[in-house]
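Undergrad: Starting off with a structure, shown below.
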Amino acid sequence: MPVTVVDINCDMGESFGQWRLSDTDDARLMELISSANIAAGFHAGDPNLMDATVRLATQHGVGIGVHPGYRDLQGFGRRKINGSGDEIVNDIVYQIGALREFARRHGAVLQHVKPHGALYMELAADEALSRSFIKLMRTVAPNAFVFCMGMSQTYRTALEAGQPVIREFYADRDYDRSGSIVFTRHVGKLDPAGIADKVVRACLEGKVRTVDGADIAIDFESICFHSDTPGCLEIAATMRSALVANGIRIAPVTEVSAQQTQAARGSK
């Protein structure tokens, strides 16, 4: 079925002290999204930036999510850090707790958890690590959505455990035939119109073109783009305008999830 209501999420707050990565202020991006994935200090972010980004999200009515990553400031969390399952899960606990307290400070709740970079990809492929992560979520944040790829171990494990889960479509990343994004550490400048066409097609036809030219089916409830992608503001604005022009409404992830559940019940 065509996607008629969708969430838009963005990885944000990904600077550190005086260091800035994005070519756009998060405040401008907040006007174009419905969910924010906020760095919690391990791959990027610091207490002052976390506070400021949470405050911006609450002012714009944007859902607040934590974006935990490997402890890798130098590599921006895009390098795998070897550690035991317990060590990795404890690092996630630490980051969830930190961001959740800033949300509480501003009268908000933690809407979702979306792992970052290499950790996201590791969870997608590693069943044991995914089970440890979802077991953690059932304990510390049982009502928070987990954001992940539909083909991932993370998604399958969340469904089995009854954890709320949202599948993402990546606007500014390429796909392979498995339905996984092609992981990259450096993204060049992209064509906003081309990305908008890709996203609209995914919504209306449920398909995406892979890096080797094949079309594959794709299911999702949220569209993701990254604040560190060059030209991200133009990408977000062009994409959002194209979605609206094609009758696709941008809505909070809670509303999108509720509509998906209702549609699934109606089809039975």
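Letters A, B, ... mark the chains of the structure tokens in the order given; residue numbers begin at 1 per chain; ligand numbers begin at 1, in order shown.
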From a backbone DSSP assignment, name each residue in segment 33-209 of chain A labelled strand (DSSP E or B), as a PyMOL selection string.
TA: chain A and resi 35-39+63-67+112-113+145-148+165-170+175+181+207-209
Undergrad: Extract, using only C-alpha atoms, all DNA, RNA and protein residues at most 10 Å from Lys135 of chain A, discarding same-chain residues fewer than 5 positions from it, and format them as a PyMOL selection string.
TA: chain A and resi 89+129-130+140-142+157-158+161+163
Undergrad: Keeping only N, CA and C atoms, write the selected residues to a file as a PDB file, in the first residue's frame.
TA:
ATOM      1  N   VAL A  89      26.272  -2.601  25.588  1.00  0.00           N
ATOM      2  CA  VAL A  89      24.941  -2.297  26.128  1.00  0.00           C
ATOM      3  C   VAL A  89      25.038  -1.269  27.246  1.00  0.00           C
ATOM      4  N   LEU A 129      23.753  -9.462  19.804  1.00  0.00           N
ATOM      5  CA  LEU A 129      23.843  -8.088  20.280  1.00  0.00           C
ATOM      6  C   LEU A 129      22.486  -7.404  20.199  1.00  0.00           C
ATOM      7  N   SER A 130      21.729  -7.684  19.155  1.00  0.00           N
ATOM      8  CA  SER A 130      20.391  -7.112  19.042  1.00  0.00           C
ATOM      9  C   SER A 130      19.498  -7.587  20.187  1.00  0.00           C
ATOM     10  N   VAL A 140      14.510  -0.587  30.413  1.00  0.00           N
ATOM     11  CA  VAL A 140      14.704   0.835  30.740  1.00  0.00           C
ATOM     12  C   VAL A 140      13.824   1.778  29.931  1.00  0.00           C
ATOM     13  N   ALA A 141      13.309   1.333  28.782  1.00  0.00           N
ATOM     14  CA  ALA A 141      12.480   2.226  27.953  1.00  0.00           C
ATOM     15  C   ALA A 141      11.483   1.397  27.152  1.00  0.00           C
ATOM     16  N   PRO A 142      10.580   0.674  27.843  1.00  0.00           N
ATOM     17  CA  PRO A 142       9.689  -0.259  27.142  1.00  0.00           C
ATOM     18  C   PRO A 142       8.677   0.408  26.224  1.00  0.00           C
ATOM     19  N   THR A 157      14.024  -8.694  16.126  1.00  0.00           N
ATOM     20  CA  THR A 157      14.087  -8.935  17.569  1.00  0.00           C
ATOM     21  C   THR A 157      13.107  -8.054  18.326  1.00  0.00           C
ATOM     22  N   ALA A 158      12.976  -6.809  17.907  1.00  0.00           N
ATOM     23  CA  ALA A 158      12.014  -5.905  18.550  1.00  0.00           C
ATOM     24  C   ALA A 158      10.589  -6.418  18.385  1.00  0.00           C
ATOM     25  N   ALA A 161       9.908  -9.312  20.708  1.00  0.00           N
ATOM     26  CA  ALA A 161       9.872  -8.942  22.123  1.00  0.00           C
ATOM     27  C   ALA A 161       8.710  -8.007  22.458  1.00  0.00           C
ATOM     28  N   GLN A 163       8.627  -4.805  21.543  1.00  0.00           N
ATOM     29  CA  GLN A 163       9.130  -3.443  21.684  1.00  0.00           C
ATOM     30  C   GLN A 163       8.605  -2.589  20.527  1.00  0.00           C
TER      31      GLN A 163
END
Undergrad: Using only C-alpha atoms, determine which residues lie at most 9 Å from Asp126 of chain A, disregarding the query and same-chain residues fewer than 6 positions distant; provide the list as a PyMOL selection string.
TA: chain A and resi 152-154
Undergrad: Would you list the contacts of segment 24-30 of chain A as a list in words, taking every protein, DNA or RNA residue within 8 Å and counting only C-alpha atoms, but skipping same-chain residues closer than 4 positions in sequence?
TA: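 Counting only C-alpha atoms, the residues come to Met12, Gly13, Ser34, Ala36, Thr53, Leu56, Ala57, His60, Val62, Ser227, Gly231, Cys232, Leu233 and Ala236 of chain A.
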Undergrad: Given the selection you just returned, output its residues as a file containing N, CA, C and O atoms, formatted as an mmCIF file, in the first residue's frame.
TA:
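Output saved as again.cif:
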data_model
loop_
_atom_site.group_PDB
_atom_site.id
_atom_site.type_symbol
_atom_site.label_atom_id
_atom_site.label_comp_id
_atom_site.auth_asym_id
_atom_site.auth_seq_id
_atom_site.Cartn_x
_atom_site.Cartn_y
_atom_site.Cartn_z
ATOM 1 N N MET A 12 20.934 14.708 14.773
ATOM 2 C CA MET A 12 21.198 16.104 15.116
ATOM 3 C C MET A 12 22.070 16.234 16.364
ATOM 4 O O MET A 12 22.385 15.255 17.017
ATOM 5 N N GLY A 13 22.438 17.484 16.669
ATOM 6 C CA GLY A 13 23.262 17.739 17.844
ATOM 7 C C GLY A 13 24.617 17.086 17.724
ATOM 8 O O GLY A 13 25.235 16.710 18.727
ATOM 9 N N SER A 34 9.906 15.770 12.060
ATOM 10 C CA SER A 34 8.979 15.436 13.143
ATOM 11 C C SER A 34 9.643 14.635 14.255
ATOM 12 O O SER A 34 9.075 14.487 15.330
ATOM 13 N N ALA A 36 13.718 13.942 16.098
ATOM 14 C CA ALA A 36 15.141 14.292 16.151
ATOM 15 C C ALA A 36 15.911 13.205 16.882
ATOM 16 O O ALA A 36 15.531 12.793 17.982
ATOM 17 N N THR A 53 19.684 21.290 22.003
ATOM 18 C CA THR A 53 18.961 20.572 20.954
ATOM 19 C C THR A 53 17.627 20.050 21.464
ATOM 20 O O THR A 53 16.609 20.107 20.755
ATOM 21 N N LEU A 56 15.280 22.997 21.574
ATOM 22 C CA LEU A 56 14.787 23.300 20.225
ATOM 23 C C LEU A 56 13.679 22.332 19.809
ATOM 24 O O LEU A 56 12.660 22.737 19.238
ATOM 25 N N ALA A 57 13.895 21.061 20.081
ATOM 26 C CA ALA A 57 12.901 20.056 19.695
ATOM 27 C C ALA A 57 11.568 20.303 20.397
ATOM 28 O O ALA A 57 10.500 20.227 19.770
ATOM 29 N N HIS A 60 9.635 23.171 18.891
ATOM 30 C CA HIS A 60 9.063 22.905 17.569
ATOM 31 C C HIS A 60 8.108 21.715 17.562
ATOM 32 O O HIS A 60 7.608 21.329 16.501
ATOM 33 N N VAL A 62 8.835 18.605 18.107
ATOM 34 C CA VAL A 62 9.514 17.484 17.454
ATOM 35 C C VAL A 62 9.793 16.383 18.476
ATOM 36 O O VAL A 62 10.252 16.655 19.589
ATOM 37 N N SER A 227 22.122 15.417 9.255
ATOM 38 C CA SER A 227 22.517 16.831 9.314
ATOM 39 C C SER A 227 23.961 17.042 8.886
ATOM 40 O O SER A 227 24.364 18.177 8.610
ATOM 41 N N GLY A 231 24.711 20.155 2.231
ATOM 42 C CA GLY A 231 23.474 20.639 1.617
ATOM 43 C C GLY A 231 22.217 20.071 2.243
ATOM 44 O O GLY A 231 21.154 20.045 1.616
ATOM 45 N N CYS A 232 22.306 19.631 3.510
ATOM 46 C CA CYS A 232 21.175 18.940 4.139
ATOM 47 C C CYS A 232 19.910 19.798 4.223
ATOM 48 O O CYS A 232 18.796 19.275 4.130
ATOM 49 N N LEU A 233 20.055 21.112 4.386
ATOM 50 C CA LEU A 233 18.869 21.962 4.490
ATOM 51 C C LEU A 233 18.085 21.956 3.181
ATOM 52 O O LEU A 233 16.851 21.819 3.182
ATOM 53 N N ALA A 236 16.382 18.567 2.776
ATOM 54 C CA ALA A 236 15.196 18.408 3.614
ATOM 55 C C ALA A 236 14.018 19.217 3.082
ATOM 56 O O ALA A 236 12.880 18.724 3.028
#
Undergrad: Which residues come within 6 Å of segment 6-10 of chain A, counting only C-alpha atoms, excluding same-chain residues fewer than 5 positions away, as a VMD selection string?
TA: chain A and resid 33 to 37 221 to 226 250 to 253 256
Undergrad: Could you write out the selected residues, including N, CA, C and O atoms, as a PDB file, in the first residue's frame?
TA:
ATOM      1  N   ILE A  33      11.218  18.675  10.243  1.00  0.00           N
ATOM      2  CA  ILE A  33      11.188  17.274  10.668  1.00  0.00           C
ATOM      3  C   ILE A  33      10.122  17.046  11.734  1.00  0.00           C
ATOM      4  O   ILE A  33       9.517  17.987  12.251  1.00  0.00           O
ATOM      5  N   SER A  34       9.906  15.770  12.060  1.00  0.00           N
ATOM      6  CA  SER A  34       8.979  15.436  13.143  1.00  0.00           C
ATOM      7  C   SER A  34       9.643  14.635  14.255  1.00  0.00           C
ATOM      8  O   SER A  34       9.075  14.487  15.330  1.00  0.00           O
ATOM      9  N   SER A  35      10.850  14.108  13.997  1.00  0.00           N
ATOM     10  CA  SER A  35      11.605  13.382  15.029  1.00  0.00           C
ATOM     11  C   SER A  35      13.081  13.753  14.934  1.00  0.00           C
ATOM     12  O   SER A  35      13.628  13.848  13.824  1.00  0.00           O
ATOM     13  N   ALA A  36      13.718  13.942  16.098  1.00  0.00           N
ATOM     14  CA  ALA A  36      15.141  14.292  16.151  1.00  0.00           C
ATOM     15  C   ALA A  36      15.911  13.205  16.882  1.00  0.00           C
ATOM     16  O   ALA A  36      15.531  12.793  17.982  1.00  0.00           O
ATOM     17  N   ASN A  37      16.992  12.734  16.259  1.00  0.00           N
ATOM     18  CA  ASN A  37      17.896  11.757  16.881  1.00  0.00           C
ATOM     19  C   ASN A  37      19.097  12.539  17.412  1.00  0.00           C
ATOM     20  O   ASN A  37      19.921  13.007  16.635  1.00  0.00           O
ATOM     21  N   GLU A 221       8.149   3.428   7.993  1.00  0.00           N
ATOM     22  CA  GLU A 221       7.242   4.395   8.612  1.00  0.00           C
ATOM     23  C   GLU A 221       7.883   5.764   8.776  1.00  0.00           C
ATOM     24  O   GLU A 221       7.198   6.738   9.080  1.00  0.00           O
ATOM     25  N   SER A 222       9.203   5.844   8.628  1.00  0.00           N
ATOM     26  CA  SER A 222       9.926   7.102   8.831  1.00  0.00           C
ATOM     27  C   SER A 222      10.990   7.270   7.755  1.00  0.00           C
ATOM     28  O   SER A 222      11.567   6.286   7.284  1.00  0.00           O
ATOM     29  N   ILE A 223      11.227   8.507   7.362  1.00  0.00           N
ATOM     30  CA  ILE A 223      12.267   8.845   6.394  1.00  0.00           C
ATOM     31  C   ILE A 223      13.394   9.538   7.144  1.00  0.00           C
ATOM     32  O   ILE A 223      13.157  10.480   7.906  1.00  0.00           O
ATOM     33  N   CYS A 224      14.629   9.084   6.922  1.00  0.00           N
ATOM     34  CA  CYS A 224      15.794   9.644   7.608  1.00  0.00           C
ATOM     35  C   CYS A 224      16.694  10.403   6.637  1.00  0.00           C
ATOM     36  O   CYS A 224      16.898   9.969   5.504  1.00  0.00           O
ATOM     37  N   PHE A 225      17.198  11.534   7.109  1.00  0.00           N
ATOM     38  CA  PHE A 225      18.328  12.178   6.451  1.00  0.00           C
ATOM     39  C   PHE A 225      19.276  12.654   7.542  1.00  0.00           C
ATOM     40  O   PHE A 225      18.932  12.660   8.719  1.00  0.00           O
ATOM     41  N   HIS A 226      20.485  13.069   7.160  1.00  0.00           N
ATOM     42  CA  HIS A 226      21.535  13.370   8.126  1.00  0.00           C
ATOM     43  C   HIS A 226      21.937  14.836   8.089  1.00  0.00           C
ATOM     44  O   HIS A 226      22.126  15.403   7.007  1.00  0.00           O
ATOM     45  N   ILE A 250       3.212  14.727   6.618  1.00  0.00           N
ATOM     46  CA  ILE A 250       4.253  14.534   7.630  1.00  0.00           C
ATOM     47  C   ILE A 250       3.585  14.586   9.003  1.00  0.00           C
ATOM     48  O   ILE A 250       2.869  15.534   9.315  1.00  0.00           O
ATOM     49  N   ALA A 251       3.827  13.572   9.822  1.00  0.00           N
ATOM     50  CA  ALA A 251       3.140  13.478  11.115  1.00  0.00           C
ATOM     51  C   ALA A 251       4.073  12.897  12.165  1.00  0.00           C
ATOM     52  O   ALA A 251       5.076  12.244  11.829  1.00  0.00           O
ATOM     53  N   PRO A 252       3.753  13.108  13.451  1.00  0.00           N
ATOM     54  CA  PRO A 252       4.564  12.506  14.515  1.00  0.00           C
ATOM     55  C   PRO A 252       4.571  10.989  14.398  1.00  0.00           C
ATOM     56  O   PRO A 252       3.602  10.373  13.930  1.00  0.00           O
ATOM     57  N   VAL A 253       5.659  10.388  14.830  1.00  0.00           N
ATOM     58  CA  VAL A 253       5.812   8.953  14.667  1.00  0.00           C
ATOM     59  C   VAL A 253       4.729   8.180  15.419  1.00  0.00           C
ATOM     60  O   VAL A 253       4.312   7.092  14.985  1.00  0.00           O
ATOM     61  N   VAL A 256       1.856   8.053  13.024  1.00  0.00           N
ATOM     62  CA  VAL A 256       2.177   7.166  11.902  1.00  0.00           C
ATOM     63  C   VAL A 256       2.045   5.709  12.334  1.00  0.00           C
ATOM     64  O   VAL A 256       1.449   4.884  11.632  1.00  0.00           O
TER      65      VAL A 256
END
Undergrad: State, in Å with one decimal place, the distance from atom CA of Gly41 of chain A to atom CA of Gln95 of chain A.
TA: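 Between atom CA of Gly41 of chain A and atom CA of Gln95 of chain A the gap is 7.3 Å.
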Undergrad: Going by DSSP on the backbone, which bits of segment 24-122 of chain A are helix (DSSP H, G or I)? Write them as an mmCIF file with N, CA and C atoms, in the first residue's frame, please.
TA:
data_model
loop_
_atom_site.group_PDB
_atom_site.id
_atom_site.type_symbol
_atom_site.label_atom_id
_atom_site.label_comp_id
_atom_site.auth_asym_id
_atom_site.auth_seq_id
_atom_site.Cartn_x
_atom_site.Cartn_y
_atom_site.Cartn_z
ATOM 1 N N ASP A 26 20.949 23.398 13.409
ATOM 2 C CA ASP A 26 19.856 22.481 13.724
ATOM 3 C C ASP A 26 18.516 23.200 13.830
ATOM 4 N N ALA A 27 18.523 24.463 14.250
ATOM 5 C CA ALA A 27 17.270 25.206 14.405
ATOM 6 C C ALA A 27 16.504 25.284 13.088
ATOM 7 N N ARG A 28 17.213 25.396 11.974
ATOM 8 C CA ARG A 28 16.544 25.488 10.672
ATOM 9 C C ARG A 28 15.993 24.125 10.241
ATOM 10 N N LEU A 29 16.700 23.068 10.612
ATOM 11 C CA LEU A 29 16.235 21.731 10.261
ATOM 12 C C LEU A 29 15.022 21.319 11.089
ATOM 13 N N MET A 30 14.942 21.796 12.333
ATOM 14 C CA MET A 30 13.832 21.444 13.213
ATOM 15 C C MET A 30 12.484 21.807 12.604
ATOM 16 N N PRO A 47 27.084 18.092 26.924
ATOM 17 C CA PRO A 47 25.930 18.482 27.738
ATOM 18 C C PRO A 47 25.251 19.770 27.298
ATOM 19 N N ASN A 48 26.018 20.793 26.951
ATOM 20 C CA ASN A 48 25.400 22.053 26.544
ATOM 21 C C ASN A 48 24.646 21.906 25.232
ATOM 22 N N LEU A 49 25.228 21.166 24.292
ATOM 23 C CA LEU A 49 24.571 20.975 23.008
ATOM 24 C C LEU A 49 23.354 20.066 23.139
ATOM 25 N N MET A 50 23.444 19.048 23.965
ATOM 26 C CA MET A 50 22.286 18.184 24.202
ATOM 27 C C MET A 50 21.126 18.990 24.768
ATOM 28 N N ASP A 51 21.417 19.849 25.743
ATOM 29 C CA ASP A 51 20.377 20.692 26.334
ATOM 30 C C ASP A 51 19.759 21.612 25.289
ATOM 31 N N ALA A 52 20.589 22.255 24.486
ATOM 32 C CA ALA A 52 20.093 23.195 23.476
ATOM 33 C C ALA A 52 19.258 22.487 22.419
ATOM 34 N N THR A 53 19.684 21.290 22.003
ATOM 35 C CA THR A 53 18.961 20.572 20.954
ATOM 36 C C THR A 53 17.627 20.050 21.464
ATOM 37 N N VAL A 54 17.599 19.547 22.687
ATOM 38 C CA VAL A 54 16.334 19.111 23.283
ATOM 39 C C VAL A 54 15.375 20.297 23.411
ATOM 40 N N ARG A 55 15.903 21.432 23.844
ATOM 41 C CA ARG A 55 15.061 22.620 23.969
ATOM 42 C C ARG A 55 14.463 23.025 22.619
ATOM 43 N N LEU A 56 15.280 22.997 21.574
ATOM 44 C CA LEU A 56 14.787 23.300 20.225
ATOM 45 C C LEU A 56 13.679 22.332 19.809
ATOM 46 N N ALA A 57 13.895 21.061 20.081
ATOM 47 C CA ALA A 57 12.901 20.056 19.695
ATOM 48 C C ALA A 57 11.568 20.303 20.397
ATOM 49 N N THR A 58 11.615 20.604 21.683
ATOM 50 C CA THR A 58 10.373 20.851 22.411
ATOM 51 C C THR A 58 9.677 22.101 21.887
ATOM 52 N N GLN A 59 10.429 23.120 21.538
ATOM 53 C CA GLN A 59 9.835 24.351 21.001
ATOM 54 C C GLN A 59 9.144 24.122 19.665
ATOM 55 N N HIS A 60 9.635 23.171 18.891
ATOM 56 C CA HIS A 60 9.063 22.905 17.569
ATOM 57 C C HIS A 60 8.108 21.715 17.562
ATOM 58 N N GLY A 85 29.492 -7.715 24.727
ATOM 59 C CA GLY A 85 28.094 -7.301 24.632
ATOM 60 C C GLY A 85 27.680 -6.441 25.810
ATOM 61 N N ASP A 86 28.140 -6.809 27.007
ATOM 62 C CA ASP A 86 27.791 -6.038 28.205
ATOM 63 C C ASP A 86 28.363 -4.622 28.133
ATOM 64 N N GLU A 87 29.598 -4.503 27.677
ATOM 65 C CA GLU A 87 30.218 -3.179 27.573
ATOM 66 C C GLU A 87 29.453 -2.283 26.598
ATOM 67 N N ILE A 88 29.079 -2.845 25.469
ATOM 68 C CA ILE A 88 28.356 -2.060 24.468
ATOM 69 C C ILE A 88 26.978 -1.659 24.988
ATOM 70 N N VAL A 89 26.272 -2.601 25.588
ATOM 71 C CA VAL A 89 24.941 -2.297 26.128
ATOM 72 C C VAL A 89 25.038 -1.269 27.246
ATOM 73 N N ASN A 90 26.044 -1.355 28.099
ATOM 74 C CA ASN A 90 26.187 -0.375 29.179
ATOM 75 C C ASN A 90 26.470 1.026 28.634
ATOM 76 N N ASP A 91 27.219 1.100 27.545
ATOM 77 C CA ASP A 91 27.425 2.405 26.908
ATOM 78 C C ASP A 91 26.106 2.975 26.385
ATOM 79 N N ILE A 92 25.233 2.112 25.875
ATOM 80 C CA ILE A 92 23.917 2.560 25.406
ATOM 81 C C ILE A 92 23.078 3.041 26.583
ATOM 82 N N VAL A 93 23.094 2.282 27.686
ATOM 83 C CA VAL A 93 22.369 2.706 28.900
ATOM 84 C C VAL A 93 22.795 4.109 29.314
ATOM 85 N N TYR A 94 24.083 4.329 29.339
ATOM 86 C CA TYR A 94 24.646 5.612 29.769
ATOM 87 C C TYR A 94 24.100 6.756 28.905
ATOM 88 N N GLN A 95 24.075 6.541 27.605
ATOM 89 C CA GLN A 95 23.638 7.596 26.688
ATOM 90 C C GLN A 95 22.126 7.819 26.742
ATOM 91 N N ILE A 96 21.367 6.737 26.877
ATOM 92 C CA ILE A 96 19.916 6.891 27.040
ATOM 93 C C ILE A 96 19.613 7.709 28.280
ATOM 94 N N GLY A 97 20.262 7.360 29.393
ATOM 95 C CA GLY A 97 19.997 8.071 30.648
ATOM 96 C C GLY A 97 20.332 9.541 30.563
ATOM 97 N N ALA A 98 21.451 9.865 29.923
ATOM 98 C CA ALA A 98 21.859 11.267 29.825
ATOM 99 C C ALA A 98 20.857 12.083 29.023
ATOM 100 N N LEU A 99 20.476 11.607 27.865
ATOM 101 C CA LEU A 99 19.561 12.376 27.015
ATOM 102 C C LEU A 99 18.162 12.446 27.623
ATOM 103 N N ARG A 100 17.745 11.359 28.274
ATOM 104 C CA ARG A 100 16.407 11.337 28.869
ATOM 105 C C ARG A 100 16.280 12.381 29.982
ATOM 106 N N GLU A 101 17.353 12.615 30.717
ATOM 107 C CA GLU A 101 17.281 13.624 31.781
ATOM 108 C C GLU A 101 17.172 15.042 31.209
ATOM 109 N N PHE A 102 17.824 15.286 30.068
ATOM 110 C CA PHE A 102 17.645 16.592 29.438
ATOM 111 C C PHE A 102 16.220 16.746 28.919
ATOM 112 N N ALA A 103 15.638 15.663 28.403
ATOM 113 C CA ALA A 103 14.238 15.719 27.979
ATOM 114 C C ALA A 103 13.328 16.014 29.175
ATOM 115 N N ARG A 104 13.596 15.339 30.279
ATOM 116 C CA ARG A 104 12.795 15.564 31.488
ATOM 117 C C ARG A 104 12.922 17.019 31.962
ATOM 118 N N ARG A 105 14.123 17.562 31.864
ATOM 119 C CA ARG A 105 14.345 18.951 32.288
ATOM 120 C C ARG A 105 13.429 19.916 31.536
ATOM 121 N N GLY A 117 25.495 5.107 13.354
ATOM 122 C CA GLY A 117 26.669 4.702 12.594
ATOM 123 C C GLY A 117 27.029 3.236 12.657
ATOM 124 N N ALA A 118 28.275 2.958 13.024
ATOM 125 C CA ALA A 118 28.769 1.588 13.045
ATOM 126 C C ALA A 118 28.010 0.727 14.053
ATOM 127 N N LEU A 119 27.555 1.308 15.152
ATOM 128 C CA LEU A 119 26.770 0.550 16.127
ATOM 129 C C LEU A 119 25.431 0.135 15.529
ATOM 130 N N TYR A 120 24.800 1.027 14.794
ATOM 131 C CA TYR A 120 23.530 0.728 14.106
ATOM 132 C C TYR A 120 23.712 -0.457 13.164
ATOM 133 N N MET A 121 24.794 -0.433 12.384
ATOM 134 C CA MET A 121 25.041 -1.496 11.419
ATOM 135 C C MET A 121 25.414 -2.806 12.106
ATOM 136 N N GLU A 122 26.131 -2.732 13.212
ATOM 137 C CA GLU A 122 26.499 -3.937 13.954
ATOM 138 C C GLU A 122 25.263 -4.596 14.559
#
Undergrad: Could you tell me which of A:Gln111, A:Val66, A:Leu123, A:Asp219 comes closest to Glu205 of chain A if we count only C-alpha atoms?
TA: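 So, comparing all the options, the nearest one is A:Asp219.
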Undergrad: Find the distance between atom CA of Gly150 of chain A and atom CA of Gln262 of chain A and write it in Å to one decimal.
TA: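 Rounded to one decimal, the two atoms are 19.2 Å apart.
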Undergrad: What is the distance, in Å and to one decimal place, between atom CA of Asp23 of chain A and atom CA of Glu168 of chain A?
TA: 23.6 Å
Undergrad: Using only C-alpha atoms, which residues sit within 12 Å of Cys203 of chain A once same-chain residues fewer than 4 positions away are excluded, as an MDAnalysis selection string?
TA: chainID A and resid 1:7 168:171 196:199 207:208 217:223 239 242:244 246:250
